[in-house]
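Source file: coords16.cif; contents: mmCIF, C-alpha atoms.
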data_coords
loop_
_atom_site.group_PDB
_atom_site.id
_atom_site.type_symbol
_atom_site.label_atom_id
_atom_site.label_comp_id
_atom_site.auth_asym_id
_atom_site.auth_seq_id
_atom_site.Cartn_x
_atom_site.Cartn_y
_atom_site.Cartn_z
ATOM 1 C CA MET A 1 -20.210 29.294 -68.531
ATOM 2 C CA ARG A 2 -21.078 32.532 -70.339
ATOM 3 C CA LEU A 3 -22.362 36.025 -69.626
ATOM 4 C CA LYS A 4 -25.652 37.375 -70.870
ATOM 5 C CA SER A 5 -26.874 40.964 -70.884
ATOM 6 C CA LEU A 6 -30.567 41.484 -70.071
ATOM 7 C CA GLU A 7 -33.090 44.285 -70.196
ATOM 8 C CA LEU A 8 -36.452 43.534 -68.638
ATOM 9 C CA LYS A 9 -39.499 45.225 -67.206
ATOM 10 C CA LEU A 10 -40.859 44.217 -63.814
ATOM 11 C CA ASP A 11 -44.117 45.332 -62.290
ATOM 12 C CA TRP A 12 -43.722 46.412 -58.674
ATOM 13 C CA PRO A 13 -46.628 44.821 -56.754
ATOM 14 C CA GLU A 14 -48.491 47.172 -54.397
ATOM 15 C CA THR A 15 -47.968 44.722 -51.532
ATOM 16 C CA LEU A 16 -44.158 44.723 -51.879
ATOM 17 C CA VAL A 17 -42.469 47.125 -49.462
ATOM 18 C CA ILE A 18 -39.318 48.936 -50.548
ATOM 19 C CA GLN A 19 -37.181 46.994 -48.053
ATOM 20 C CA ASP A 20 -37.980 43.789 -50.008
ATOM 21 C CA LEU A 21 -37.434 45.270 -53.471
ATOM 22 C CA ARG A 22 -33.811 44.122 -53.805
ATOM 23 C CA SER A 23 -34.579 40.477 -53.021
ATOM 24 C CA TYR A 24 -37.595 40.608 -55.375
ATOM 25 C CA VAL A 25 -35.453 41.865 -58.279
ATOM 26 C CA VAL A 26 -32.678 39.333 -57.611
ATOM 27 C CA GLU A 27 -35.170 36.449 -57.486
ATOM 28 C CA GLU A 28 -36.688 37.550 -60.795
ATOM 29 C CA LEU A 29 -33.221 37.765 -62.370
ATOM 30 C CA ARG A 30 -32.339 34.262 -61.157
ATOM 31 C CA LYS A 31 -34.942 32.943 -63.606
ATOM 32 C CA PHE A 32 -32.435 33.906 -66.345
ATOM 33 C CA GLY A 33 -29.132 33.028 -64.626
ATOM 34 C CA ASN A 34 -26.946 34.029 -61.688
ATOM 35 C CA PRO A 35 -26.987 37.855 -61.495
ATOM 36 C CA ILE A 36 -23.602 39.572 -61.343
ATOM 37 C CA ARG A 37 -24.682 43.205 -61.673
ATOM 38 C CA TRP A 38 -27.998 44.907 -62.107
ATOM 39 C CA ALA A 39 -29.522 48.363 -61.985
ATOM 40 C CA ILE A 40 -32.944 49.974 -62.032
ATOM 41 C CA THR A 41 -32.662 52.302 -65.010
ATOM 42 C CA ARG A 42 -36.205 53.672 -65.120
ATOM 43 C CA ILE A 43 -39.356 53.760 -63.006
ATOM 44 C CA SER A 44 -42.693 54.488 -64.657
ATOM 45 C CA ALA A 45 -46.410 54.076 -64.000
ATOM 46 C CA SER A 46 -47.739 50.550 -64.541
ATOM 47 C CA SER A 47 -50.969 49.684 -66.313
ATOM 48 C CA GLU A 48 -51.223 46.298 -64.579
ATOM 49 C CA PRO A 49 -53.890 45.914 -61.866
ATOM 50 C CA GLY A 50 -52.352 45.571 -58.391
ATOM 51 C CA CYS A 51 -49.119 47.258 -59.486
ATOM 52 C CA THR A 52 -48.410 50.950 -59.214
ATOM 53 C CA LEU A 53 -44.968 51.118 -60.809
ATOM 54 C CA GLN A 54 -42.994 49.381 -63.528
ATOM 55 C CA LEU A 55 -39.222 48.995 -63.200
ATOM 56 C CA ASN A 56 -36.817 48.787 -66.125
ATOM 57 C CA ILE A 57 -33.911 46.558 -65.121
ATOM 58 C CA GLU A 58 -30.579 46.162 -66.894
ATOM 59 C CA ALA A 59 -28.485 43.227 -65.742
ATOM 60 C CA VAL A 60 -25.648 40.858 -66.501
ATOM 61 C CA VAL A 61 -26.138 37.217 -65.512
ATOM 62 C CA ILE A 62 -23.978 34.093 -65.649
ATOM 63 C CA ILE A 63 -25.463 31.195 -67.572
ATOM 64 C CA THR A 64 -23.953 27.810 -66.752
#

Write the structure described by the file as structure tokens, please.
Amino acid sequence: MRLKSLELKLDWPETLVIQDLRSYVVEELRKFGNPIRWAITRISASSEPGCTLQLNIEAVVIIT
């Protein structure tokens, strides 16, 4: 078991309401490991169609 530090950018889909944002971020982080801590460190405009914002996420995950 080891820890890994991540920085990633996620597009926030227009259809995703703010109440579901936490579970969306956690599910995306689980693709890399089991998230211990994470934070949204920046929000900016997205250039992707169907997404209005892009989130910068910094996280620490456990890799087994």

field: Close residues, A:Ser47 itself excluded, 12 Å, all atoms listed in the file, min 2 positions apart in chain, as a ChimeraX atom specification
entry: /A:10-13,44-45,49-54

task: Extract, using all atoms listed in the file, all DNA, RNA and protein residues at most 9 Å from A:Ala59, discarding same-chain residues fewer than 2 positions from it, and format them as JSON, numbers by chain.
output: {"A": [4, 5, 6, 7, 8, 29, 35, 36, 37, 38, 39, 40, 57, 61]}

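The nearest approach to A:Arg42 among the residues A:Val26, A:Met1, A:Leu21, A:Leu55, with only C-alpha atoms taken into account, belongs to A:Leu55.
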
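Here the question is which of A:Ile43, A:Ile62, A:Leu3, A:Lys9 gets nearest to A:Val25 using only C-alpha atoms, and that residue is A:Lys9.
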
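Each of A:Ile18, A:Glu28, A:Ser23, A:Asn34 was checked against A:Val60 using all atoms listed in the file; the smallest atom-to-atom distance is that of A:Asn34.
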
message: Just to confirm, what's the straight-line distance from atom CA of A:Thr41 to atom CA of A:Thr15 in Å (one decimal)?
response: 21.8 Å

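Shortest separation to A:Gly33 among A:Glu14, A:Arg2, A:Asn56, A:Ile63 occurs at residue A:Ile63, atoms counted being all atoms listed in the file.
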
Centre and edge lengths, as AutoDock Vina command-line options, for the axis-aligned box enclosing every listed atom of stretch 53-57 of chain A with 8 Å of padding on each of the six sides, in Å to one decimal?
--center_x -39.4 --center_y 48.8 --center_z -63.5 --size_x 27.1 --size_y 20.6 --size_z 21.3
